[in-house]
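Asker: Sending over work_28.txt (compact mmCIF, C-alpha atoms and all ligand atoms).
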```txt
# COMPACT_ATOMS: atom_id res chain seq x y z
CA MET A 17 65.78 98.43 94.61
CA LYS A 18 63.71 95.51 93.28
CA ALA A 19 63.73 97.13 89.89
CA THR A 20 62.84 94.15 87.78
CA ASN A 21 59.96 92.96 89.93
CA HIS A 22 56.63 93.18 88.23
CA THR A 23 55.01 93.82 91.55
CA LEU A 24 56.04 96.41 94.04
CA CYS A 25 54.14 96.96 97.27
CA HIS A 26 52.62 100.27 98.24
CA GLN A 27 55.48 101.13 100.58
CA GLU A 28 58.12 100.36 97.95
CA ILE A 29 56.34 102.59 95.46
CA VAL A 30 56.12 105.42 97.98
CA GLU A 31 59.87 105.10 98.54
CA LEU A 32 60.59 105.16 94.80
CA LEU A 33 58.39 108.23 94.34
CA SER A 34 60.33 109.93 97.12
CA THR A 35 63.82 109.24 95.75
CA GLU A 36 66.30 112.02 95.09
CA GLY A 37 69.91 112.17 93.92
CA ASP A 38 71.64 108.90 92.99
CA ALA A 39 68.63 106.74 93.86
CA ARG A 40 66.48 108.79 91.51
CA LYS A 41 69.08 108.48 88.79
CA THR A 42 69.05 104.69 89.24
CA LEU A 43 65.24 104.70 89.05
CA PHE A 44 65.29 106.60 85.76
CA GLU A 45 68.06 104.43 84.28
CA THR A 46 66.20 101.27 85.25
CA ALA A 47 62.98 102.49 83.63
CA ALA A 48 64.86 103.52 80.48
CA ARG A 49 66.52 100.12 80.27
CA ILE A 50 63.24 98.25 80.74
CA LYS A 51 61.62 100.29 78.01
CA ARG A 52 64.53 99.68 75.67
CA GLU A 53 64.46 95.92 76.34
CA HIS A 54 60.71 95.53 75.92
CA LEU A 55 59.76 98.17 73.35
CA GLY A 56 62.98 99.55 71.85
CA ASN A 57 64.01 103.19 71.73
CA ILE A 58 60.98 104.07 69.66
CA VAL A 59 58.44 106.85 69.94
CA TYR A 60 54.97 106.63 68.42
CA PHE A 61 53.09 109.70 67.28
CA ARG A 62 49.37 110.27 67.82
CA GLY A 63 48.02 113.36 66.10
CA LEU A 64 45.76 115.07 68.62
CA ILE A 65 42.58 116.70 67.29
CA GLU A 66 40.69 118.71 69.92
CA PHE A 67 37.50 118.70 67.89
CA SER A 68 35.09 120.40 70.30
CA ASN A 69 35.36 122.24 73.61
CA ARG A 70 31.67 121.93 74.45
CA CYS A 71 31.23 120.11 77.72
CA HIS A 72 28.26 119.26 79.93
CA LYS A 73 30.44 118.58 82.93
CA ASN A 74 31.89 120.88 85.48
CA CYS A 75 35.08 119.27 86.78
CA LEU A 76 36.49 121.69 89.34
CA TYR A 77 39.99 121.71 87.82
CA CYS A 78 39.24 122.11 84.12
CA GLY A 79 39.32 125.34 82.12
CA ILE A 80 36.62 124.28 79.65
CA ARG A 81 34.12 123.16 82.31
CA SER A 82 30.55 124.15 81.50
CA GLY A 83 30.54 126.69 84.33
CA ASN A 84 33.30 128.75 82.72
CA LYS A 85 31.28 131.28 80.78
CA THR A 86 34.38 133.11 79.52
CA VAL A 87 35.19 130.26 77.09
CA VAL A 88 34.35 130.72 73.41
CA ARG A 89 32.80 127.38 72.47
CA TYR A 90 33.64 125.75 69.14
CA ASP A 91 33.10 122.64 67.06
CA LEU A 92 35.48 121.86 64.25
CA THR A 93 33.58 121.16 61.05
CA ASP A 94 33.63 117.61 59.69
CA GLU A 95 35.80 118.88 56.88
CA GLU A 96 38.37 120.37 59.26
CA ILE A 97 38.51 117.11 61.21
CA ILE A 98 38.90 114.97 58.10
CA ASP A 99 41.60 117.34 56.82
CA ALA A 100 43.49 117.01 60.10
CA ALA A 101 43.19 113.21 59.90
CA ARG A 102 44.49 113.32 56.33
CA PHE A 103 47.42 115.45 57.50
CA ALA A 104 48.26 112.73 60.05
CA PHE A 105 47.92 110.01 57.45
CA ASP A 106 49.97 111.85 54.80
CA ASN A 107 52.69 112.54 57.35
CA ARG A 108 52.69 108.86 58.38
CA TYR A 109 51.68 109.43 62.00
CA GLY A 110 49.90 106.06 62.03
CA SER A 111 47.39 107.17 64.61
CA ILE A 112 45.16 110.02 65.78
CA VAL A 113 43.29 110.95 68.95
CA LEU A 114 39.90 112.63 68.75
CA GLN A 115 39.36 114.51 72.00
CA SER A 116 36.50 116.71 73.18
CA GLY A 117 34.50 117.85 76.15
CA GLU A 118 31.93 115.39 77.40
CA ILE A 119 28.51 115.42 75.77
CA GLU A 120 26.03 112.59 76.06
CA SER A 121 23.38 112.95 73.38
CA HIS A 122 22.08 111.14 70.32
CA ALA A 123 23.38 113.94 68.12
CA PHE A 124 26.91 113.73 69.56
CA THR A 125 26.97 109.92 69.39
CA GLY A 126 25.85 110.05 65.77
CA ARG A 127 28.37 112.72 64.89
CA VAL A 128 31.34 110.80 66.30
CA ASP A 129 30.07 107.64 64.65
CA ASN A 130 29.87 109.38 61.32
CA LEU A 131 33.29 110.98 61.74
CA LEU A 132 34.90 107.62 62.43
CA LYS A 133 33.46 106.23 59.21
CA GLN A 134 34.51 109.27 57.20
CA ILE A 135 38.04 109.21 58.59
CA HIS A 136 38.49 105.55 57.76
CA SER A 137 37.20 106.04 54.26
CA ALA A 138 39.38 109.15 53.67
CA THR A 139 42.52 107.31 54.82
CA ASN A 140 41.78 103.79 53.52
CA GLY A 141 41.62 102.48 57.06
CA GLY A 142 45.27 103.47 57.48
CA LEU A 143 44.96 105.21 60.84
CA ARG A 144 44.36 103.85 64.32
CA VAL A 145 41.83 106.10 66.00
CA THR A 146 41.70 106.79 69.72
CA LEU A 147 38.67 108.51 71.24
CA SER A 148 38.75 110.64 74.35
CA CYS A 149 35.17 111.87 74.74
CA GLY A 150 34.49 111.07 78.37
CA GLU A 151 31.85 108.91 79.99
CA GLN A 152 29.27 107.28 77.72
CA THR A 153 26.97 104.27 77.97
CA ALA A 154 28.22 100.77 77.17
CA ASP A 155 26.05 100.85 74.02
CA VAL A 156 27.69 104.04 72.77
CA TYR A 157 31.17 102.65 73.43
CA ARG A 158 30.26 99.50 71.49
CA ARG A 159 28.83 101.49 68.60
CA TRP A 160 31.94 103.65 68.27
CA TYR A 161 34.16 100.57 68.48
CA GLU A 162 32.22 98.95 65.66
CA SER A 163 32.60 102.14 63.62
CA GLY A 164 36.37 101.99 63.88
CA ALA A 165 37.67 103.43 67.17
CA GLN A 166 40.12 100.92 68.58
CA ARG A 167 41.45 102.83 71.56
CA TYR A 168 39.85 104.96 74.27
CA LEU A 169 41.37 107.29 76.83
CA LEU A 170 39.47 107.94 80.04
CA ARG A 171 41.56 109.16 82.91
CA ILE A 172 40.45 108.13 86.36
CA GLU A 173 42.02 111.47 87.46
CA THR A 174 42.70 109.98 90.89
CA SER A 175 42.05 106.47 92.16
CA SER A 176 41.05 107.80 95.57
CA PRO A 177 37.26 108.18 95.85
CA ILE A 178 37.79 110.73 98.64
CA LEU A 179 40.11 112.90 96.58
CA TYR A 180 37.85 112.44 93.54
CA SER A 181 34.96 113.87 95.54
CA LYS A 182 37.05 116.98 96.28
CA LEU A 183 37.69 117.54 92.58
CA HIS A 184 34.12 117.12 91.39
CA ALA A 185 30.68 118.23 92.45
CA ASP A 186 28.78 115.67 94.45
CA ASP A 187 26.15 114.82 91.84
CA SER A 188 25.20 112.08 89.40
CA LYS A 189 27.16 113.68 86.55
CA HIS A 190 30.45 113.35 88.43
CA SER A 191 30.39 109.89 89.92
CA PHE A 192 33.58 108.00 90.70
CA ARG A 193 31.70 104.71 90.44
CA ARG A 194 30.51 105.49 86.95
CA ARG A 195 34.05 106.30 85.88
CA ILE A 196 35.18 102.86 87.04
CA GLN A 197 32.18 101.30 85.33
CA CYS A 198 33.08 103.08 82.08
CA LEU A 199 36.62 101.67 82.15
CA ASP A 200 35.11 98.22 82.54
CA ASP A 201 32.62 98.82 79.72
CA LEU A 202 35.44 99.99 77.44
CA ARG A 203 37.44 96.84 78.09
CA LYS A 204 34.41 94.65 77.41
CA ALA A 205 33.73 96.49 74.15
CA GLY A 206 37.20 95.45 72.96
CA TYR A 207 39.17 98.71 73.14
CA GLN A 208 42.81 99.21 74.03
CA VAL A 209 41.96 101.07 77.22
CA GLY A 210 43.90 104.05 78.49
CA THR A 211 43.62 105.88 81.77
CA GLY A 212 45.69 108.31 83.79
CA VAL A 213 45.80 110.75 86.65
CA MET A 214 46.82 114.30 87.41
CA ILE A 215 49.91 114.71 89.55
CA GLY A 216 50.27 117.45 92.15
CA LEU A 217 46.56 118.02 92.75
CA PRO A 218 45.49 119.92 95.83
CA PHE A 219 45.04 117.52 98.79
CA GLN A 220 46.92 114.73 96.98
CA THR A 221 49.59 112.75 98.84
CA ILE A 222 52.44 110.51 97.68
CA SER A 223 50.46 107.63 99.11
CA ASP A 224 47.55 108.55 96.79
CA LEU A 225 49.93 108.50 93.83
CA ALA A 226 51.26 105.08 94.82
CA ASP A 227 47.64 103.89 94.94
CA ASP A 228 47.13 105.35 91.46
CA LEU A 229 49.93 103.20 90.08
CA LEU A 230 48.55 100.14 91.84
CA PHE A 231 45.13 100.96 90.38
CA MET A 232 46.63 100.94 86.86
CA THR A 233 48.23 97.55 87.40
CA GLY A 234 45.06 96.28 89.10
CA VAL A 235 42.85 97.06 86.08
CA ASP A 236 45.65 95.82 83.79
CA ILE A 237 45.57 98.99 81.73
CA ASP A 238 46.92 99.09 78.14
CA MET A 239 47.87 102.77 77.88
CA VAL A 240 48.48 105.62 80.30
CA GLY A 241 48.56 109.39 79.90
CA MET A 242 49.34 111.20 83.12
CA GLY A 243 50.66 114.67 83.68
CA PRO A 244 51.04 117.44 86.21
CA TYR A 245 47.96 119.24 87.45
CA LEU A 246 48.14 122.86 86.29
CA GLU A 247 45.85 125.46 87.75
CA HIS A 248 43.42 127.45 85.63
CA SER A 249 42.31 130.84 86.90
CA GLU A 250 38.65 130.38 85.93
CA THR A 251 38.14 127.23 87.98
CA PRO A 252 37.06 126.61 91.59
CA LEU A 253 40.31 124.78 92.43
CA PHE A 254 42.30 127.91 91.63
CA LYS A 255 41.78 129.08 95.21
CA TYR A 256 44.14 126.36 96.40
CA ARG A 257 46.99 127.53 94.19
CA HIS A 258 49.11 128.63 97.14
CA GLU A 259 48.93 125.16 98.67
CA LEU A 260 50.24 123.32 95.61
CA LEU A 261 53.67 121.76 95.19
CA PRO A 262 56.02 124.02 93.22
CA LEU A 263 55.87 123.42 89.45
CA ASP A 264 59.29 121.81 89.23
CA THR A 265 58.35 119.38 92.00
CA ARG A 266 55.17 118.44 90.13
CA LEU A 267 57.29 117.92 87.03
CA GLY A 268 59.83 115.77 88.88
CA LEU A 269 57.06 113.70 90.47
CA THR A 270 55.54 113.09 87.06
CA PHE A 271 58.86 111.75 85.77
CA LYS A 272 59.06 109.43 88.77
CA MET A 273 55.48 108.26 88.26
CA ILE A 274 56.28 107.42 84.63
CA ALA A 275 59.47 105.61 85.59
CA VAL A 276 57.83 103.51 88.32
CA LEU A 277 54.91 102.70 86.04
CA ARG A 278 57.33 101.52 83.36
CA ILE A 279 58.94 99.21 85.92
CA LEU A 280 55.52 97.89 86.95
CA MET A 281 54.03 97.58 83.44
CA LYS A 282 56.83 96.91 81.02
CA ASN A 283 55.00 96.76 77.70
CA ILE A 284 52.16 99.27 77.97
CA ASN A 285 52.07 102.53 76.03
CA ILE A 286 52.85 105.57 78.18
CA ALA A 287 52.34 109.07 76.80
CA ALA A 288 54.53 112.08 77.42
CA THR A 289 51.72 114.63 77.84
CA THR A 290 51.51 118.24 76.73
CA ALA A 291 51.11 119.45 80.32
CA LEU A 292 54.76 118.44 80.87
CA GLN A 293 55.83 120.79 78.12
CA THR A 294 53.89 123.60 79.78
CA ILE A 295 56.21 123.46 82.79
CA GLU A 296 59.40 122.83 80.89
CA GLN A 297 60.09 123.18 77.18
CA LEU A 298 61.76 119.79 77.00
CA GLY A 299 59.39 118.16 79.49
CA ARG A 300 58.02 115.62 77.04
CA GLU A 301 61.45 114.63 75.75
CA LYS A 302 62.62 114.07 79.33
CA ALA A 303 59.59 111.84 79.93
CA ILE A 304 60.62 109.80 76.88
CA MET A 305 64.04 109.34 78.47
CA VAL A 306 62.52 107.85 81.65
CA GLY A 307 59.99 105.41 80.24
CA ALA A 308 57.33 107.09 78.07
CA ASN A 309 57.01 105.93 74.44
CA VAL A 310 54.19 108.02 72.94
CA ILE A 311 53.93 111.71 72.01
CA MET A 312 50.76 113.42 70.88
CA PRO A 313 51.59 116.28 68.52
CA ASN A 314 48.69 118.70 68.39
CA ILE A 315 47.19 118.79 64.89
CA THR A 316 44.13 120.87 65.79
CA PRO A 317 43.97 123.82 63.38
CA GLY A 318 45.84 126.68 65.09
CA SER A 319 42.88 129.05 65.11
CA TYR A 320 40.98 126.91 67.64
CA ARG A 321 43.78 126.15 70.03
CA ASP A 322 43.30 129.24 72.16
CA ASP A 323 39.84 127.99 73.08
CA TYR A 324 40.89 124.51 74.24
CA LEU A 325 42.68 125.60 77.38
CA LEU A 326 42.24 122.97 80.08
CA TYR A 327 44.85 124.82 82.15
CA ASP A 328 46.75 128.11 82.01
CA GLY A 329 49.94 128.44 79.96
CA LYS A 330 49.29 125.70 77.40
CA PRO A 331 52.15 125.82 74.86
CA CYS A 332 52.14 126.14 71.07
CA THR A 333 48.61 127.52 70.76
CA ASP A 334 49.87 129.89 68.09
CA GLU A 335 51.42 127.14 65.96
CA ASN A 336 50.16 124.99 63.13
CA PRO A 337 50.57 121.21 62.67
CA GLU A 338 53.55 121.57 60.34
CA ASP A 339 55.46 123.65 62.94
CA CYS A 340 54.80 121.06 65.65
CA LYS A 341 56.09 118.25 63.48
CA THR A 342 59.38 119.88 62.54
CA CYS A 343 60.04 121.05 66.07
CA LEU A 344 59.32 117.64 67.58
CA GLU A 345 61.44 115.71 65.12
CA ALA A 346 64.50 117.68 66.09
CA ARG A 347 63.83 117.28 69.79
CA ILE A 348 63.21 113.56 69.67
CA ALA A 349 66.39 112.98 67.70
CA LEU A 350 68.21 114.57 70.65
CA THR A 351 66.88 111.88 73.00
CA GLY A 352 68.40 109.10 70.88
CA HIS A 353 64.97 107.76 69.97
CA GLU A 354 63.46 107.05 66.59
CA ILE A 355 59.97 108.08 65.52
CA ALA A 356 58.06 105.07 64.24
CA TYR A 357 56.57 106.70 61.16
CA GLY A 358 53.79 104.79 59.45
CA GLU A 359 53.23 102.41 62.37
CA TRP A 360 50.06 102.12 64.43
CA GLY A 361 51.97 101.48 67.62
CA ASP A 362 49.32 99.36 69.29
CA SER A 363 49.86 98.66 72.96
CA ALA A 364 52.04 95.54 73.07
CA HIS A 365 50.37 94.75 76.37
CA TYR A 366 46.96 94.67 74.70
CA SER A 367 48.17 92.67 71.71
CA LEU A 368 49.71 89.97 73.92
CA ARG A 369 46.56 89.73 76.05
CA ASP A 370 44.45 89.58 72.91
CA GLN A 371 46.56 86.76 71.48
CA GLY A 372 46.31 84.92 74.78
CA ASN A 373 42.52 85.07 74.56
CA LYS A 374 42.39 83.56 71.09
N1 LIG A 401 36.38 115.48 78.43
C1 LIG A 401 37.20 114.35 78.33
C2 LIG A 401 38.50 114.59 77.59
C3 LIG A 401 39.07 115.97 77.66
S1 LIG A 401 39.77 116.42 79.19
C4 LIG A 401 37.49 113.79 79.72
O1 LIG A 401 37.36 114.51 80.69
O2 LIG A 401 37.86 112.63 79.79
C5 LIG A 401 41.26 115.49 79.15
C6 LIG A 401 42.06 115.49 80.41
O3 LIG A 401 42.58 116.78 80.67
C7 LIG A 401 41.31 115.16 81.68
O4 LIG A 401 41.13 113.78 81.81
C8 LIG A 401 42.21 115.76 82.75
O5 LIG A 401 43.05 114.78 83.32
C9 LIG A 401 43.06 116.77 81.99
N2 LIG A 401 42.92 118.10 82.61
C10 LIG A 401 41.82 118.84 82.75
N3 LIG A 401 42.08 119.95 83.48
C11 LIG A 401 43.40 119.90 83.79
C12 LIG A 401 44.27 120.74 84.54
N4 LIG A 401 43.83 121.86 85.11
N5 LIG A 401 45.57 120.38 84.66
C13 LIG A 401 46.02 119.25 84.08
N6 LIG A 401 45.24 118.41 83.38
C14 LIG A 401 43.95 118.72 83.23
FE1 LIG A 402 34.68 118.43 80.57
FE2 LIG A 402 36.73 116.68 80.44
FE3 LIG A 402 37.09 119.21 81.32
FE4 LIG A 402 35.72 117.50 82.85
S1 LIG A 402 37.91 117.33 82.26
S2 LIG A 402 35.12 119.61 82.40
S3 LIG A 402 34.66 116.30 81.29
S4 LIG A 402 36.51 118.57 79.29
```
Translate this structure into structure tokens?

Answerer:
Amino acid sequence: MKATNHTLCHQEIVELLSTEGDARKTLFETAARIKREHLGNIVYFRGLIEFSNRCHKNCLYCGIRSGNKTVVRYDLTDEEIIDAARFAFDNRYGSIVLQSGEIESHAFTGRVDNLLKQIHSATNGGLRVTLSCGEQTADVYRRWYESGAQRYLLRIETSSPILYSKLHADDSKHSFRRRIQCLDDLRKAGYQVGTGVMIGLPFQTISDLADDLLFMTGVDIDMVGMGPYLEHSETPLFKYRHELLPLDTRLGLTFKMIAVLRILMKNINIAATTALQTIEQLGREKAIMVGANVIMPNITPGSYRDDYLLYDGKPCTDENPEDCKTCLEARIALTGHEIAYGEWGDSAHYSLRDQGNK
């Protein structure tokens, strides 16, 4: 295995994603070693605040799509959001993620802008803020960056335009091209840019997944959050549930995707996503063992969590931020990693590129 190569060809990636037994063990050990050498055995926390489940889009896989009329829609109040940010700051998380459905409007742009300013003033600029609010214009991205968002997560979902068109309606609101454009706009605005894909989607092949990894290296991404696709009963894709890979296979594939990505991109930030924990209690901790270095504890007030269900079976919706923290600390200690309390945990990949440009 050319484990230390920065570049692997499509066929080599397909082979790595197909490994089992000893070869898989070697893959995981190699990824773990590379992470240790480049980033240390350190895990960064990002407190996740799911501040609104209103969404104007209708992605065929997502439980909070606008077409799902069974969802109770909510917006956290500014006060609740600031309190959650303060919780992250007081507990030395270093960083938060503000995530929501996708709304493009002056009111929404202004609200996020205002929230960013309030959060920075309430925490003395002590938190790095990531936004994950979908596709917006280049002007909006710039405005939010100037107001204090330094990172942005926008998953490409799949790098295959053909597969993308099977997961989204064929209309101007769900355009693959625009998604690509947005990633470019985010980079130009100055963000640490994150993307990601779902793993185990209907119609998806191992070759598609290899292309996804090559896409991430091709756009020289700074951060990645990828996780298993999990079906939601109130979505159009639910009808393909019998054609999906078994859950444990989706889980195993996700670990391999993380490991291969770590080999390809040694110093980016890779998140161990909540969807992993949905399949297996220790799913996120296992991802940390094979190359991930970021965990996003949910700090959304417990009462709203039942209404932010992107997929069925989401864990910990009945818990509060304090519970999540205690539970995670114990689990991460088991992996032999240290939580980097009080650190921003910027993507080393971004920082090095940024220095190179100065
Ligand atoms: N609205 C924003 C952010 C919220 S959705 C956006 O779409 O970018 C965040 C992520 O949840 C999506 O990018 C998608 O990858 C993931 N997601 C949605 N439905 C899912 C499902 N059924 N299974 C797994 N992940 C899902
Ligand atoms: Fe909305 Fe994001 Fe869900 Fe698509 S994935 S329906 S944009 S919340």

Asker: Taking all atoms of stretch 332-348 of chain A that the file lists and extending 3 Å past them on each side, where is the centre of the axis-aligned box and how long are its edges? Answer in Å to one decimal, as JSON.

Answerer:
```
{"center_x": 56.6, "center_y": 121.7, "center_z": 65.7, "size_x": 21.9, "size_y": 22.3, "size_z": 16.7}
```

Asker: Counting all atoms listed in the file, what residues are within 8 Å of ligand LIG 401 (chain A), given as a PyMOL selection string?

Answerer: chain A and resi 71+75+77-80+115-118+148-151+169-173+212-214+242-248+291+326-328

Asker: Kindly indicate which residue among A:Leu260, A:Leu32, A:Leu325, A:Ala275 lies nearest to ligand LIG 402 (chain A), using only C-alpha atoms and all ligand atoms for the distances.

Answerer: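 Checking each of A:Leu260, A:Leu32, A:Leu325, A:Ala275 against ligand LIG 402 (chain A), counting only C-alpha atoms and all ligand atoms, the winner is A:Leu325.
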
Asker: So the first atom is atom CA of A:Arg257 and the second is atom CA of A:Gly216; what is the distance between them in Å, to one decimal place?

Answerer: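 Atom CA of A:Gly216 lies at a distance of 10.8 Å from atom CA of A:Arg257.
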
Asker: What separation in Å, quoted to one decimal, exists between atom CA of A:Lys182 and atom CA of A:Arg89?

Answerer: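 Interatomic distance, atom CA of A:Lys182 to atom CA of A:Arg89: 26.3 Å.
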
Asker: Quick one, how far is atom CA of A:Phe124 from atom CA of A:Tyr161?

Answerer: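 About the pair atom CA of A:Phe124 and atom CA of A:Tyr161: they are 15.1 Å apart.
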
Asker: Got a sec: who's within 12 Å of A:Thr270, counting only C-alpha atoms, leaving out chain neighbours fewer than 5 positions off, as a JSON list (two decimals) with C-alpha atoms, in the coordinates of the input?

Answerer:
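Result file is selection-v8.json:
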```
[["chain", "number", "residue", "atom", "x", "y", "z"],
["A", 33, "LEU", "CA", 58.39, 108.23, 94.34],
["A", 34, "SER", "CA", 60.33, 109.93, 97.12],
["A", 44, "PHE", "CA", 65.29, 106.60, 85.76],
["A", 212, "GLY", "CA", 45.69, 108.31, 83.79],
["A", 213, "VAL", "CA", 45.80, 110.75, 86.65],
["A", 214, "MET", "CA", 46.82, 114.30, 87.41],
["A", 215, "ILE", "CA", 49.91, 114.71, 89.55],
["A", 216, "GLY", "CA", 50.27, 117.45, 92.15],
["A", 217, "LEU", "CA", 46.56, 118.02, 92.75],
["A", 222, "ILE", "CA", 52.44, 110.51, 97.68],
["A", 225, "LEU", "CA", 49.93, 108.50, 93.83],
["A", 226, "ALA", "CA", 51.26, 105.08, 94.82],
["A", 229, "LEU", "CA", 49.93, 103.20, 90.08],
["A", 241, "GLY", "CA", 48.56, 109.39, 79.90],
["A", 242, "MET", "CA", 49.34, 111.20, 83.12],
["A", 243, "GLY", "CA", 50.66, 114.67, 83.68],
["A", 244, "PRO", "CA", 51.04, 117.44, 86.21],
["A", 245, "TYR", "CA", 47.96, 119.24, 87.45],
["A", 263, "LEU", "CA", 55.87, 123.42, 89.45],
["A", 264, "ASP", "CA", 59.29, 121.81, 89.23],
["A", 265, "THR", "CA", 58.35, 119.38, 92.00],
["A", 275, "ALA", "CA", 59.47, 105.61, 85.59],
["A", 276, "VAL", "CA", 57.83, 103.51, 88.32],
["A", 277, "LEU", "CA", 54.91, 102.70, 86.04],
["A", 286, "ILE", "CA", 52.85, 105.57, 78.18],
["A", 287, "ALA", "CA", 52.34, 109.07, 76.80],
["A", 288, "ALA", "CA", 54.53, 112.08, 77.42],
["A", 289, "THR", "CA", 51.72, 114.63, 77.84],
["A", 291, "ALA", "CA", 51.11, 119.45, 80.32],
["A", 292, "LEU", "CA", 54.76, 118.44, 80.87],
["A", 293, "GLN", "CA", 55.83, 120.79, 78.12],
["A", 295, "ILE", "CA", 56.21, 123.46, 82.79],
["A", 299, "GLY", "CA", 59.39, 118.16, 79.49],
["A", 300, "ARG", "CA", 58.02, 115.62, 77.04],
["A", 302, "LYS", "CA", 62.62, 114.07, 79.33],
["A", 303, "ALA", "CA", 59.59, 111.84, 79.93],
["A", 304, "ILE", "CA", 60.62, 109.80, 76.88],
["A", 306, "VAL", "CA", 62.52, 107.85, 81.65],
["A", 307, "GLY", "CA", 59.99, 105.41, 80.24],
["A", 308, "ALA", "CA", 57.33, 107.09, 78.07]]
```

Asker: Using all atoms listed in the file, determine which residues lie at most 10 Å from stretch 337-345 of chain A, disregarding the query and same-chain residues fewer than 2 positions distant; provide the list as a list in words.

Answerer: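 Returned residues: Phe61, Gly63, Leu64, Ala100, Phe103, Ala104, Asn107, Tyr109, Leu298, Arg300, Glu301, Ile311, Pro313, Asn314, Ile315, Thr316, Pro317, Gly318, Cys332, Asp334, Glu335, Arg347, Ile348, Ala349, Leu350, His353, Glu354 and Ile355 of chain A.
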
Asker: Include C-alpha atoms and write out the residues we just selected as a PDB file, in the coordinates of the input.

Answerer:
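Result written to selection_12.pdb:
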```
ATOM      1  CA  PHE A  61      53.090 109.700  67.280  1.00  0.00           C
ATOM      2  CA  GLY A  63      48.020 113.360  66.100  1.00  0.00           C
ATOM      3  CA  LEU A  64      45.760 115.070  68.620  1.00  0.00           C
ATOM      4  CA  ALA A 100      43.490 117.010  60.100  1.00  0.00           C
ATOM      5  CA  PHE A 103      47.420 115.450  57.500  1.00  0.00           C
ATOM      6  CA  ALA A 104      48.260 112.730  60.050  1.00  0.00           C
ATOM      7  CA  ASN A 107      52.690 112.540  57.350  1.00  0.00           C
ATOM      8  CA  TYR A 109      51.680 109.430  62.000  1.00  0.00           C
ATOM      9  CA  LEU A 298      61.760 119.790  77.000  1.00  0.00           C
ATOM     10  CA  ARG A 300      58.020 115.620  77.040  1.00  0.00           C
ATOM     11  CA  GLU A 301      61.450 114.630  75.750  1.00  0.00           C
ATOM     12  CA  ILE A 311      53.930 111.710  72.010  1.00  0.00           C
ATOM     13  CA  PRO A 313      51.590 116.280  68.520  1.00  0.00           C
ATOM     14  CA  ASN A 314      48.690 118.700  68.390  1.00  0.00           C
ATOM     15  CA  ILE A 315      47.190 118.790  64.890  1.00  0.00           C
ATOM     16  CA  THR A 316      44.130 120.870  65.790  1.00  0.00           C
ATOM     17  CA  PRO A 317      43.970 123.820  63.380  1.00  0.00           C
ATOM     18  CA  GLY A 318      45.840 126.680  65.090  1.00  0.00           C
ATOM     19  CA  CYS A 332      52.140 126.140  71.070  1.00  0.00           C
ATOM     20  CA  ASP A 334      49.870 129.890  68.090  1.00  0.00           C
ATOM     21  CA  GLU A 335      51.420 127.140  65.960  1.00  0.00           C
ATOM     22  CA  ARG A 347      63.830 117.280  69.790  1.00  0.00           C
ATOM     23  CA  ILE A 348      63.210 113.560  69.670  1.00  0.00           C
ATOM     24  CA  ALA A 349      66.390 112.980  67.700  1.00  0.00           C
ATOM     25  CA  LEU A 350      68.210 114.570  70.650  1.00  0.00           C
ATOM     26  CA  HIS A 353      64.970 107.760  69.970  1.00  0.00           C
ATOM     27  CA  GLU A 354      63.460 107.050  66.590  1.00  0.00           C
ATOM     28  CA  ILE A 355      59.970 108.080  65.520  1.00  0.00           C
TER      29      ILE A 355
END
```

Asker: Using all atoms listed in the file, determine which residues lie at most 6 Å from A:Arg167, disregarding the query and same-chain residues fewer than 5 positions distant; provide the list as a list of chain:residue names.

Answerer: A:Thr146, A:Tyr207, A:Gln208, A:Val209

Asker: For ligand LIG 402 (chain A), which residue out of A:Thr233, A:Ser163, A:Thr251, A:Ser121 is the nearest one, using only C-alpha atoms and all ligand atoms?

Answerer: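 Smallest separation from ligand LIG 402 (chain A) among the options: A:Thr251.
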
Asker: Return the single residue from A:His54, A:Arg102, A:Arg144, A:His190 that is closest to ligand LIG 402 (chain A), with distances computed using all atoms listed in the file.

Answerer: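 Among the listed residues, the smallest separation from ligand LIG 402 (chain A) belongs to A:His190.
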
Asker: Which residue gives the smallest distance to ligand LIG 402 (chain A) among A:Glu66, A:Asp228, A:Asp200, A:Glu259, with only C-alpha atoms and all ligand atoms counted?

Answerer: A:Glu66

Asker: I need every residue sitting at most 9 Å from the point (33.0, 102.2, 73.8) (coordinates as in the file, all atoms listed in the file considered), written as a ChimeraX atom specification.

Answerer: /A:147,152-162,165-168,198,201-207

Asker: Counting only C-alpha atoms and all ligand atoms, which of A:Lys330, A:Arg52, A:Lys189, A:His136 gets nearest to ligand LIG 402 (chain A)?

Answerer: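 Distance minimum relative to ligand LIG 402 (chain A) lands on A:Lys189.
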
Asker: Could you name the residues that touch A:Ile97 at 8 Å or less, counting all atoms listed in the file, but leaving out those on the same chain fewer than 5 positions away, as a ChimeraX atom specification?

Answerer: /A:65,67,92

Asker: Let me make sure I understand: among A:Ser319, A:Asn74, A:Thr211, A:Asn309, which one has the smallest atom-to-atom distance to ligand LIG 402 (chain A) if we use only C-alpha atoms and all ligand atoms?

Answerer: A:Asn74
